[in-house]
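To be precise, the following lines are query.cif, and they hold mmCIF, C-alpha atoms.
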```cif
data_input
loop_
_atom_site.label_atom_id
_atom_site.label_comp_id
_atom_site.auth_asym_id
_atom_site.auth_seq_id
_atom_site.Cartn_x
_atom_site.Cartn_y
_atom_site.Cartn_z
CA MET A 265 -49.08 32.12 -26.53
CA THR A 266 -51.55 34.90 -27.35
CA GLN A 267 -54.50 32.89 -26.04
CA GLN A 268 -52.64 32.46 -22.74
CA ILE A 269 -52.07 36.22 -22.55
CA LEU A 270 -55.76 36.78 -23.18
CA ARG A 271 -56.63 34.40 -20.33
CA ASN A 272 -54.08 35.96 -17.99
CA GLN A 273 -55.47 39.43 -18.65
CA GLU A 274 -59.12 38.39 -18.40
CA HIS A 275 -59.47 38.71 -14.62
CA THR A 276 -57.93 42.19 -14.53
CA SER A 277 -60.00 43.38 -17.47
CA GLU A 278 -63.22 42.07 -15.93
CA GLN A 279 -62.43 43.93 -12.73
CA LYS A 280 -61.97 47.14 -14.69
CA THR A 281 -65.32 46.75 -16.46
CA ARG A 282 -67.34 45.80 -13.37
CA GLY A 283 -67.25 49.27 -11.88
CA ASP A 284 -69.90 51.93 -12.26
CA ARG A 285 -69.01 53.79 -15.47
CA ARG A 286 -71.21 56.72 -14.54
CA GLY A 287 -68.75 57.68 -11.79
CA ARG A 288 -65.86 58.18 -14.23
CA PRO A 289 -66.69 60.98 -16.68
CA SER A 290 -63.16 62.36 -16.29
CA ALA A 291 -61.60 59.14 -17.64
CA PRO A 292 -60.26 59.10 -21.22
CA ILE A 293 -61.90 57.65 -24.30
CA GLY A 294 -59.98 54.77 -25.87
CA VAL A 295 -59.52 54.63 -29.63
CA PHE A 296 -57.77 51.86 -31.54
CA ASP A 297 -56.90 50.93 -35.10
CA SER A 298 -54.60 48.51 -36.86
CA GLY A 299 -52.30 51.45 -37.48
CA ALA A 300 -52.37 55.15 -38.27
CA GLY A 301 -55.67 55.30 -40.15
CA GLY A 302 -57.74 55.68 -37.01
CA LEU A 303 -56.01 58.98 -36.37
CA THR A 304 -58.45 60.48 -38.89
CA ILE A 305 -61.27 59.37 -36.57
CA LEU A 306 -59.37 60.76 -33.58
CA ALA A 307 -59.19 64.14 -35.32
CA ASP A 308 -62.97 64.15 -35.84
CA LEU A 309 -63.54 63.07 -32.25
CA ARG A 310 -61.41 65.93 -30.92
CA LYS A 311 -63.34 68.44 -33.03
CA GLN A 312 -66.67 67.13 -31.73
CA LEU A 313 -65.52 66.56 -28.14
CA PRO A 314 -62.74 69.09 -27.42
CA HIS A 315 -62.90 68.68 -23.65
CA GLU A 316 -62.52 64.89 -23.64
CA HIS A 317 -59.25 63.09 -22.94
CA PHE A 318 -58.20 60.41 -25.46
CA VAL A 319 -55.89 57.42 -25.52
CA PHE A 320 -55.11 56.21 -29.04
CA PHE A 321 -53.55 52.81 -29.73
CA GLY A 322 -52.17 51.88 -33.14
CA ASP A 323 -51.47 48.16 -33.49
CA THR A 324 -48.67 48.61 -36.02
CA LEU A 325 -46.99 45.39 -34.89
CA ASN A 326 -49.91 43.38 -36.29
CA ASN A 327 -50.81 45.69 -39.17
CA PRO A 328 -52.53 45.27 -41.59
CA TYR A 329 -55.79 43.69 -40.40
CA GLY A 330 -57.37 43.61 -43.87
CA PRO A 331 -55.85 40.32 -45.12
CA ARG A 332 -56.44 38.49 -41.81
CA THR A 333 -59.20 36.04 -40.98
CA ASP A 334 -62.16 37.19 -38.90
CA ALA A 335 -60.94 35.02 -36.03
CA GLU A 336 -57.55 36.71 -36.06
CA VAL A 337 -59.12 40.16 -36.17
CA ARG A 338 -61.36 39.30 -33.21
CA GLU A 339 -58.32 38.15 -31.25
CA LEU A 340 -56.42 41.32 -32.10
CA ALA A 341 -59.39 43.53 -31.22
CA GLN A 342 -59.68 41.90 -27.80
CA LEU A 343 -55.97 42.41 -27.18
CA ALA A 344 -56.26 46.07 -28.11
CA THR A 345 -59.31 46.47 -25.87
CA ARG A 346 -57.51 44.93 -22.91
CA PHE A 347 -54.56 47.23 -23.48
CA LEU A 348 -56.83 50.27 -23.46
CA LEU A 349 -58.57 49.03 -20.32
CA GLU A 350 -55.17 49.10 -18.65
CA GLN A 351 -55.17 52.83 -19.44
CA ASP A 352 -58.49 53.14 -17.54
CA VAL A 353 -60.62 54.24 -20.49
CA LYS A 354 -64.36 54.78 -20.03
CA MET A 355 -65.42 53.69 -23.52
CA ILE A 356 -63.79 52.55 -26.77
CA VAL A 357 -64.11 53.70 -30.35
CA VAL A 358 -63.08 50.96 -32.78
CA ALA A 359 -61.56 53.24 -35.43
CA CYS A 360 -60.97 50.45 -37.92
CA ASN A 361 -63.50 49.28 -40.50
CA THR A 362 -62.12 45.75 -40.62
CA ALA A 363 -62.19 45.34 -36.83
CA SER A 364 -65.64 46.93 -36.57
CA GLN A 365 -67.09 44.50 -39.09
CA ALA A 366 -65.37 41.38 -37.74
CA ALA A 367 -65.16 42.00 -34.01
CA LEU A 368 -67.52 44.69 -32.71
CA GLU A 369 -70.26 42.33 -31.52
CA THR A 370 -67.64 40.02 -30.00
CA LEU A 371 -66.20 42.95 -28.05
CA ARG A 372 -69.61 43.98 -26.77
CA MET A 373 -70.25 40.46 -25.51
CA ALA A 374 -66.77 40.08 -24.00
CA PHE A 375 -66.89 43.47 -22.26
CA PRO A 376 -70.61 44.03 -21.56
CA GLN A 377 -70.19 47.01 -19.25
CA LEU A 378 -67.95 48.94 -21.64
CA PRO A 379 -69.57 51.12 -24.33
CA PHE A 380 -68.23 50.59 -27.85
CA VAL A 381 -68.69 52.62 -31.02
CA GLY A 382 -67.66 51.13 -34.34
CA VAL A 383 -67.07 52.48 -37.82
CA VAL A 384 -69.66 51.97 -40.55
CA PRO A 385 -68.89 52.79 -44.21
CA ALA A 386 -70.98 55.77 -45.32
CA VAL A 387 -73.02 53.80 -47.86
CA LYS A 388 -76.40 55.08 -46.66
CA PRO A 389 -75.61 58.82 -46.99
CA ALA A 390 -73.80 58.15 -50.28
CA ALA A 391 -76.90 56.51 -51.74
CA ARG A 392 -79.00 59.50 -50.66
CA LEU A 393 -76.54 62.01 -52.12
CA SER A 394 -76.05 60.35 -55.50
CA GLN A 395 -77.91 62.02 -58.35
CA LYS A 396 -76.68 59.50 -60.92
CA ARG A 397 -77.60 56.54 -58.68
CA ARG A 398 -74.03 55.32 -59.03
CA ILE A 399 -71.58 55.33 -56.13
CA GLY A 400 -68.15 53.91 -55.43
CA VAL A 401 -66.80 52.29 -52.27
CA VAL A 402 -63.08 51.78 -51.67
CA ALA A 403 -61.91 49.71 -48.70
CA THR A 404 -59.46 47.03 -47.58
CA ASN A 405 -59.47 43.47 -48.87
CA GLY A 406 -61.17 42.24 -45.72
CA SER A 407 -63.93 44.83 -45.83
CA VAL A 408 -64.63 44.34 -49.53
CA LYS A 409 -65.07 40.58 -49.06
CA ALA A 410 -67.12 40.87 -45.88
CA ALA A 411 -70.80 39.99 -45.89
CA TYR A 412 -71.30 43.04 -43.69
CA LEU A 413 -70.56 45.44 -46.55
CA GLN A 414 -72.76 43.51 -48.96
CA ASN A 415 -75.63 43.59 -46.46
CA LEU A 416 -75.08 47.31 -45.94
CA ILE A 417 -75.32 47.90 -49.69
CA ALA A 418 -78.41 45.70 -50.02
CA THR A 419 -80.14 47.49 -47.14
CA HIS A 420 -79.26 51.11 -47.82
CA ALA A 421 -78.39 51.28 -51.53
CA ALA A 422 -81.20 49.37 -53.19
CA GLY A 423 -81.61 50.58 -56.74
CA VAL A 424 -78.16 52.18 -56.71
CA GLU A 425 -75.26 50.83 -58.74
CA VAL A 426 -72.35 50.33 -56.34
CA ALA A 427 -68.80 49.86 -57.61
CA VAL A 428 -66.53 48.36 -54.94
CA ALA A 429 -62.74 48.18 -55.06
CA ALA A 430 -60.09 46.88 -52.66
CA CYS A 431 -57.24 49.37 -52.26
CA PRO A 432 -54.75 47.93 -49.73
CA GLU A 433 -51.96 49.96 -51.31
CA LEU A 434 -53.56 53.12 -49.95
CA VAL A 435 -53.20 51.76 -46.42
CA THR A 436 -49.49 51.32 -47.08
CA LEU A 437 -49.19 54.92 -48.27
CA VAL A 438 -50.78 56.26 -45.11
CA GLU A 439 -48.74 54.02 -42.81
CA GLN A 440 -45.64 55.44 -44.48
CA GLY A 441 -46.88 58.99 -44.00
CA ARG A 442 -47.09 59.55 -47.76
CA ILE A 443 -50.28 61.52 -48.30
CA GLU A 444 -49.39 63.80 -51.21
CA GLY A 445 -47.01 64.17 -54.14
CA PRO A 446 -46.61 62.91 -57.72
CA GLU A 447 -45.96 59.28 -56.74
CA VAL A 448 -49.02 59.27 -54.52
CA ASP A 449 -51.12 60.68 -57.36
CA VAL A 450 -49.99 57.88 -59.70
CA ILE A 451 -50.95 55.20 -57.17
CA LEU A 452 -54.31 56.85 -56.50
CA ARG A 453 -55.18 57.02 -60.19
CA GLN A 454 -54.44 53.31 -60.58
CA SER A 455 -56.32 52.34 -57.43
CA LEU A 456 -59.41 54.44 -58.09
CA ARG A 457 -59.72 53.64 -61.79
CA PRO A 458 -62.11 50.64 -61.30
CA VAL A 459 -64.70 52.80 -59.53
CA LEU A 460 -64.19 56.00 -61.52
CA GLU A 461 -64.75 54.09 -64.76
CA LYS A 462 -68.33 53.49 -63.56
CA ASP A 463 -69.12 57.22 -63.84
CA ILE A 464 -69.94 57.61 -60.14
CA ASP A 465 -70.81 60.89 -58.47
CA VAL A 466 -70.15 59.88 -54.83
CA LEU A 467 -67.09 58.04 -53.50
CA VAL A 468 -67.17 56.38 -50.07
CA LEU A 469 -63.86 56.09 -48.24
CA GLY A 470 -64.52 52.76 -46.52
CA CYS A 471 -61.29 52.56 -44.54
CA THR A 472 -60.23 54.96 -41.81
CA HIS A 473 -56.81 55.29 -43.43
CA PHE A 474 -58.21 56.81 -46.60
CA PRO A 475 -59.39 60.23 -45.28
CA ALA A 476 -55.72 61.04 -44.68
CA LEU A 477 -55.47 61.06 -48.49
CA ARG A 478 -58.64 63.09 -48.99
CA LEU A 479 -57.04 66.16 -50.58
CA ALA A 480 -55.10 64.04 -53.07
CA ILE A 481 -58.17 61.88 -53.78
CA GLU A 482 -60.40 64.90 -54.37
CA LYS A 483 -57.85 66.23 -56.85
CA ILE A 484 -57.88 62.91 -58.74
CA VAL A 485 -61.67 62.38 -58.84
CA GLY A 486 -62.51 65.97 -59.72
CA GLU A 487 -65.25 68.33 -58.60
CA ASN A 488 -68.07 66.21 -60.01
CA VAL A 489 -67.47 63.39 -57.51
CA GLN A 490 -68.28 63.99 -53.86
CA VAL A 491 -65.92 62.22 -51.44
CA ILE A 492 -67.38 61.19 -48.08
CA ASP A 493 -66.39 59.18 -45.02
CA SER A 494 -68.01 58.35 -41.68
CA GLY A 495 -65.66 60.27 -39.35
CA SER A 496 -67.99 63.09 -38.33
CA ALA A 497 -70.92 60.69 -37.93
CA ILE A 498 -68.84 58.45 -35.65
CA ALA A 499 -67.87 61.48 -33.57
CA ARG A 500 -71.52 62.49 -33.16
CA ARG A 501 -72.45 58.91 -32.24
CA THR A 502 -69.68 58.88 -29.63
CA GLN A 503 -71.04 62.07 -28.08
CA TRP A 504 -74.53 60.56 -27.97
CA VAL A 505 -73.22 57.45 -26.18
CA LEU A 506 -71.34 59.59 -23.65
CA GLU A 507 -74.46 61.63 -22.94
CA THR A 508 -76.67 58.54 -22.70
CA GLU A 509 -74.26 56.79 -20.33
CA GLU A 510 -73.68 60.00 -18.32
CA LEU A 511 -69.99 59.81 -19.14
CA LEU A 512 -69.55 63.18 -20.82
CA ARG A 513 -66.65 65.10 -19.31
CA PRO A 514 -67.84 68.53 -18.17
CA ALA A 515 -66.13 71.54 -19.76
CA GLU A 516 -64.00 73.23 -17.12
CA GLN A 517 -62.71 76.71 -17.90
CA GLU A 518 -62.52 75.87 -21.60
CA GLU A 519 -59.82 73.30 -20.82
CA ARG A 520 -58.96 71.21 -23.88
CA GLY A 521 -58.63 67.48 -23.40
CA THR A 522 -55.31 65.67 -23.68
CA VAL A 523 -54.22 62.92 -26.06
CA GLN A 524 -51.91 59.99 -25.39
CA LEU A 525 -50.65 57.99 -28.37
CA TRP A 526 -49.41 54.40 -28.16
CA SER A 527 -48.05 52.00 -30.74
CA SER A 528 -47.43 48.27 -30.51
CA GLY A 529 -44.61 48.56 -33.06
CA ASP A 530 -41.92 51.10 -33.89
CA ALA A 531 -42.91 54.19 -31.91
CA THR A 532 -40.50 56.49 -33.75
CA ALA A 533 -41.88 55.57 -37.17
CA PHE A 534 -45.46 55.84 -35.93
CA GLN A 535 -44.70 59.22 -34.39
CA ARG A 536 -43.53 60.56 -37.76
CA THR A 537 -46.63 59.26 -39.52
CA ALA A 538 -49.01 60.48 -36.81
CA SER A 539 -47.51 63.97 -36.94
CA VAL A 540 -48.09 64.09 -40.70
CA ILE A 541 -51.70 62.88 -40.48
CA LEU A 542 -52.70 65.04 -37.52
CA GLY A 543 -50.82 68.08 -38.76
CA TYR A 544 -48.99 68.80 -35.51
CA PRO A 545 -46.06 67.23 -33.59
CA VAL A 546 -46.96 64.34 -31.31
CA THR A 547 -45.21 61.94 -28.97
CA VAL A 548 -45.83 58.21 -29.23
CA THR A 549 -45.07 55.63 -26.55
CA GLN A 550 -44.35 52.03 -27.45
CA ALA A 551 -46.43 49.34 -25.76
CA LYS A 552 -43.69 47.08 -24.45
CA ASN A 553 -43.97 43.31 -24.93
CA TYR A 554 -47.20 43.61 -26.88
CA PRO A 555 -48.16 40.25 -28.47
CA GLN A 556 -47.49 39.67 -32.15
CA VAL A 557 -50.20 37.47 -33.64
CA SER A 558 -49.11 35.30 -36.53
CA GLY A 559 -51.36 35.23 -39.55
#
```
Turn this file's structure into structure tokens for me.
Amino acid sequence: MTQQILRNQEHTSEQKTRGDRRGRPSAPIGVFDSGAGGLTILADLRKQLPHEHFVFFGDTLNNPYGPRTDAEVRELAQLATRFLLEQDVKMIVVACNTASQAALETLRMAFPQLPFVGVVPAVKPAARLSQKRRIGVVATNGSVKAAYLQNLIATHAAGVEVAVAACPELVTLVEQGRIEGPEVDVILRQSLRPVLEKDIDVLVLGCTHFPALRLAIEKIVGENVQVIDSGSAIARRTQWVLETEELLRPAEQEERGTVQLWSSGDATAFQRTASVILGYPVTVTQAKNYPQVSG
């Protein structure tokens, strides 16, 4: 069923990517995630690029991506990309660590004329920052098991002790809009214990959901552990791509860009969560008849 939808959409999507991108700087930037976590990336993007328009898509119908196979994640990433192409985006930020690791190269091959920016866990800056030469990385099940993360550690953290822990329960907290409070603190202490026991001094948030919990996490780890993520770096990379591709939207009378939020699942629930994470009221539109991929 889903494969048929992919084939049916292929012709339309190819038409949308054949055009000259350099003629569409006023078009929005597409951003997608398996759920609400990518909203933390959206917030960084809006800080870096205040005049750009954004379309955010949260695939809550198929969330979470972490436990899925790479093949399933690639299929879901292509579906999300095609949906964003229907919104006439000029480039796409894959605001999901799992999808970036499993599907980014596939997306670039499938949509060669569309610029993509993915999310990379901040292992390299963490290794540079660590005085103790001991860092922690928390991520989803899929990211922790991926060869990509192991290669990243081997390349950029040689000689550094790296404690890695899967924390899928933190994704659940964020999807529920629970980012603070006594119950959240209890869960965080349990989840972070495996890395904190290693006496680290830098903690990498290796899932885009986790920065939504940053204040609570910083309270748990204490002032001697620096907490970092890749949000600001991804925003700077996105700006560089826009400038390189001549797609940067010109600032016009200090006009701030707009944001459209979509969800493949329950729009009302996602709207509540998004408002909590972003810190201001938002409206979410449901993507009607969006495919649910079994896994």
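With all atoms listed in the file as the basis for measurement, A:Leu542 is the residue among A:Leu460, A:Val426, A:Leu542, A:Val295 that approaches Ile443 (chain A) most closely.
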Would you list the contacts of Phe296 (chain A) as an MDAnalysis selection string, taking every protein, DNA or RNA residue within 7 Å and counting only C-alpha atoms, but skipping same-chain residues closer than 2 positions in sequence?
chainID A and resid 294 302 320:322 344 357:359
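The residues returned by the PyMOL selection byres ((chain A and resi 340) around 10) on the shown structure are Thr266, Ser298, Asp323, Asn326, Tyr329, Asp334, Ala335, Glu336, Val337, Arg338, Glu339, Ala341, Gln342, Leu343, Ala344, Thr345, Arg346, Ala363, Ala367, Pro555, Gln556 and Val557 of chain A.
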Pick the closest to Ala476 (chain A) from A:Gln550, A:Ser527, A:Thr362, A:Thr537: which is it, counting all atoms listed in the file?
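Of all the options, A:Thr537 lies closest to Ala476 (chain A).
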On this structure, which residues satisfy the PyMOL selection byres ((chain A and resi 422) around 12), written as a list in words?
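Applied to this file, the PyMOL selection byres ((chain A and resi 422) around 12) returns Val387, Lys388, Ala390, Ala391, Arg392, Arg397, Arg398, Ile399, Gln414, Asn415, Leu416, Ile417, Ala418, Thr419, His420, Ala421, Gly423, Val424, Glu425 and Val426 of chain A.
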If we count all atoms listed in the file and set the cut-off at 7 Å, which residues sit around Val489 (chain A), ignoring sequence neighbours fewer than 4 positions away in its own chain? Please answer as a PDB file with C-alpha atoms, in the coordinates of the input.
```
ATOM      1  CA  ILE A 464     -69.940  57.610 -60.140  1.00  0.00           C
ATOM      2  CA  ASP A 465     -70.810  60.890 -58.470  1.00  0.00           C
ATOM      3  CA  VAL A 466     -70.150  59.880 -54.830  1.00  0.00           C
ATOM      4  CA  LEU A 467     -67.090  58.040 -53.500  1.00  0.00           C
ATOM      5  CA  VAL A 485     -61.670  62.380 -58.840  1.00  0.00           C
TER       6      VAL A 485
END
```
Of A:Val428, A:Ala291, A:Val402, A:Leu479, the one nearest to Gln351 (chain A) when counting only C-alpha atoms is A:Ala291
Run the PyMOL selection byres ((chain A and resi 455) around 10) on the file and write out the hits as a ChimeraX atom specification.
/A:402,429-434,449-454,456-460
Could you check how far CA of Gln440 (chain A) sits from CA of Leu325 (chain A), in Å to one decimal?
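The value is 14.0 Å.
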CA of Ala551 (chain A) to CA of Leu378 (chain A): how many Å, to one decimal?
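So the answer is 21.9 Å.
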Give me, as a ChimeraX atom specification, all polymer residues having an atom no more than 12 Å from Val546 (chain A), counting all atoms listed in the file and skipping those fewer than 2 positions away in the same chain.
/A:303,320,522-526,531-544,548-549
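CA of Thr304 (chain A) sits 10.4 Å away from CA of Arg478 (chain A).
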Please tabulate, as JSON lines, the residues of region 316-425 of chain A that come within 7 Å of region 496-516 of chain A, each with its closest pair of atoms and the distance in Å to one decimal, counting only C-alpha atoms and ordering rows by chain, then residue number upward.
```
{"residue": "A:Glu316", "atom": "CA", "partner": "A:Arg513", "partner_atom": "CA", "distance": 6.0}
{"residue": "A:Val381", "atom": "CA", "partner": "A:Thr502", "partner_atom": "CA", "distance": 6.5}
{"residue": "A:Val383", "atom": "CA", "partner": "A:Ile498", "partner_atom": "CA", "distance": 6.6}
```
Selected residue, from A:Leu393, A:Leu413, A:Val448, A:Leu349, that lies nearest to Ala366 (chain A) when counting all atoms listed in the file:
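With all atoms listed in the file as the atom set, the closest residue is A:Leu413.
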One residue among A:Arg372, A:Arg310, A:His315, A:Lys354 is nearest to Pro289 (chain A) when using only C-alpha atoms, and that residue is A:Lys354
Restricting the calculation to all atoms listed in the file: of A:Pro328, A:Pro379, A:Val438, A:Asn361, which residue gets closest to Asp493 (chain A)?
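Smallest distance to Asp493 (chain A) is found for A:Asn361.
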Final N, CA and C atoms of region 419-436 of chain A as an mmCIF file, in the frame of the given file:
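Final output, saved to result-v4.cif:
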```cif
data_model
loop_
_atom_site.group_PDB
_atom_site.id
_atom_site.type_symbol
_atom_site.label_atom_id
_atom_site.label_comp_id
_atom_site.auth_asym_id
_atom_site.auth_seq_id
_atom_site.Cartn_x
_atom_site.Cartn_y
_atom_site.Cartn_z
ATOM 1 N N THR A 419 -79.164 46.828 -48.003
ATOM 2 C CA THR A 419 -80.140 47.490 -47.140
ATOM 3 C C THR A 419 -80.316 48.965 -47.468
ATOM 4 N N HIS A 420 -79.205 49.644 -47.717
ATOM 5 C CA HIS A 420 -79.260 51.110 -47.820
ATOM 6 C C HIS A 420 -79.011 51.658 -49.224
ATOM 7 N N ALA A 421 -78.671 50.789 -50.177
ATOM 8 C CA ALA A 421 -78.390 51.280 -51.530
ATOM 9 C C ALA A 421 -79.159 50.502 -52.581
ATOM 10 N N ALA A 422 -80.360 50.080 -52.222
ATOM 11 C CA ALA A 422 -81.200 49.370 -53.190
ATOM 12 C C ALA A 422 -81.517 50.290 -54.364
ATOM 13 N N GLY A 423 -81.350 49.779 -55.560
ATOM 14 C CA GLY A 423 -81.610 50.580 -56.740
ATOM 15 C C GLY A 423 -80.462 51.488 -57.139
ATOM 16 N N VAL A 424 -79.349 51.388 -56.411
ATOM 17 C CA VAL A 424 -78.160 52.180 -56.710
ATOM 18 C C VAL A 424 -77.060 51.245 -57.198
ATOM 19 N N GLU A 425 -76.393 51.616 -58.266
ATOM 20 C CA GLU A 425 -75.260 50.830 -58.740
ATOM 21 C C GLU A 425 -74.046 51.154 -57.873
ATOM 22 N N VAL A 426 -73.466 50.130 -57.268
ATOM 23 C CA VAL A 426 -72.350 50.330 -56.340
ATOM 24 C C VAL A 426 -71.106 49.629 -56.882
ATOM 25 N N ALA A 427 -70.082 50.403 -57.170
ATOM 26 C CA ALA A 427 -68.800 49.860 -57.610
ATOM 27 C C ALA A 427 -67.877 49.775 -56.398
ATOM 28 N N VAL A 428 -67.365 48.583 -56.120
ATOM 29 C CA VAL A 428 -66.530 48.360 -54.940
ATOM 30 C C VAL A 428 -65.134 47.955 -55.375
ATOM 31 N N ALA A 429 -64.127 48.519 -54.721
ATOM 32 C CA ALA A 429 -62.740 48.180 -55.060
ATOM 33 C C ALA A 429 -61.905 48.066 -53.794
ATOM 34 N N ALA A 430 -61.055 47.043 -53.750
ATOM 35 C CA ALA A 430 -60.090 46.880 -52.660
ATOM 36 C C ALA A 430 -58.844 47.688 -52.988
ATOM 37 N N CYS A 431 -58.403 48.502 -52.038
ATOM 38 C CA CYS A 431 -57.240 49.370 -52.260
ATOM 39 C C CYS A 431 -56.251 49.272 -51.101
ATOM 40 N N PRO A 432 -55.683 48.083 -50.856
ATOM 41 C CA PRO A 432 -54.750 47.930 -49.730
ATOM 42 C C PRO A 432 -53.509 48.795 -49.867
ATOM 43 N N GLU A 433 -53.151 49.139 -51.104
ATOM 44 C CA GLU A 433 -51.960 49.960 -51.310
ATOM 45 C C GLU A 433 -52.108 51.359 -50.715
ATOM 46 N N LEU A 434 -53.343 51.817 -50.557
ATOM 47 C CA LEU A 434 -53.560 53.120 -49.950
ATOM 48 C C LEU A 434 -53.282 53.081 -48.452
ATOM 49 N N VAL A 435 -53.551 51.944 -47.834
ATOM 50 C CA VAL A 435 -53.200 51.760 -46.420
ATOM 51 C C VAL A 435 -51.698 51.886 -46.249
ATOM 52 N N THR A 436 -50.953 51.258 -47.143
ATOM 53 C CA THR A 436 -49.490 51.320 -47.080
ATOM 54 C C THR A 436 -49.001 52.755 -47.191
#
```
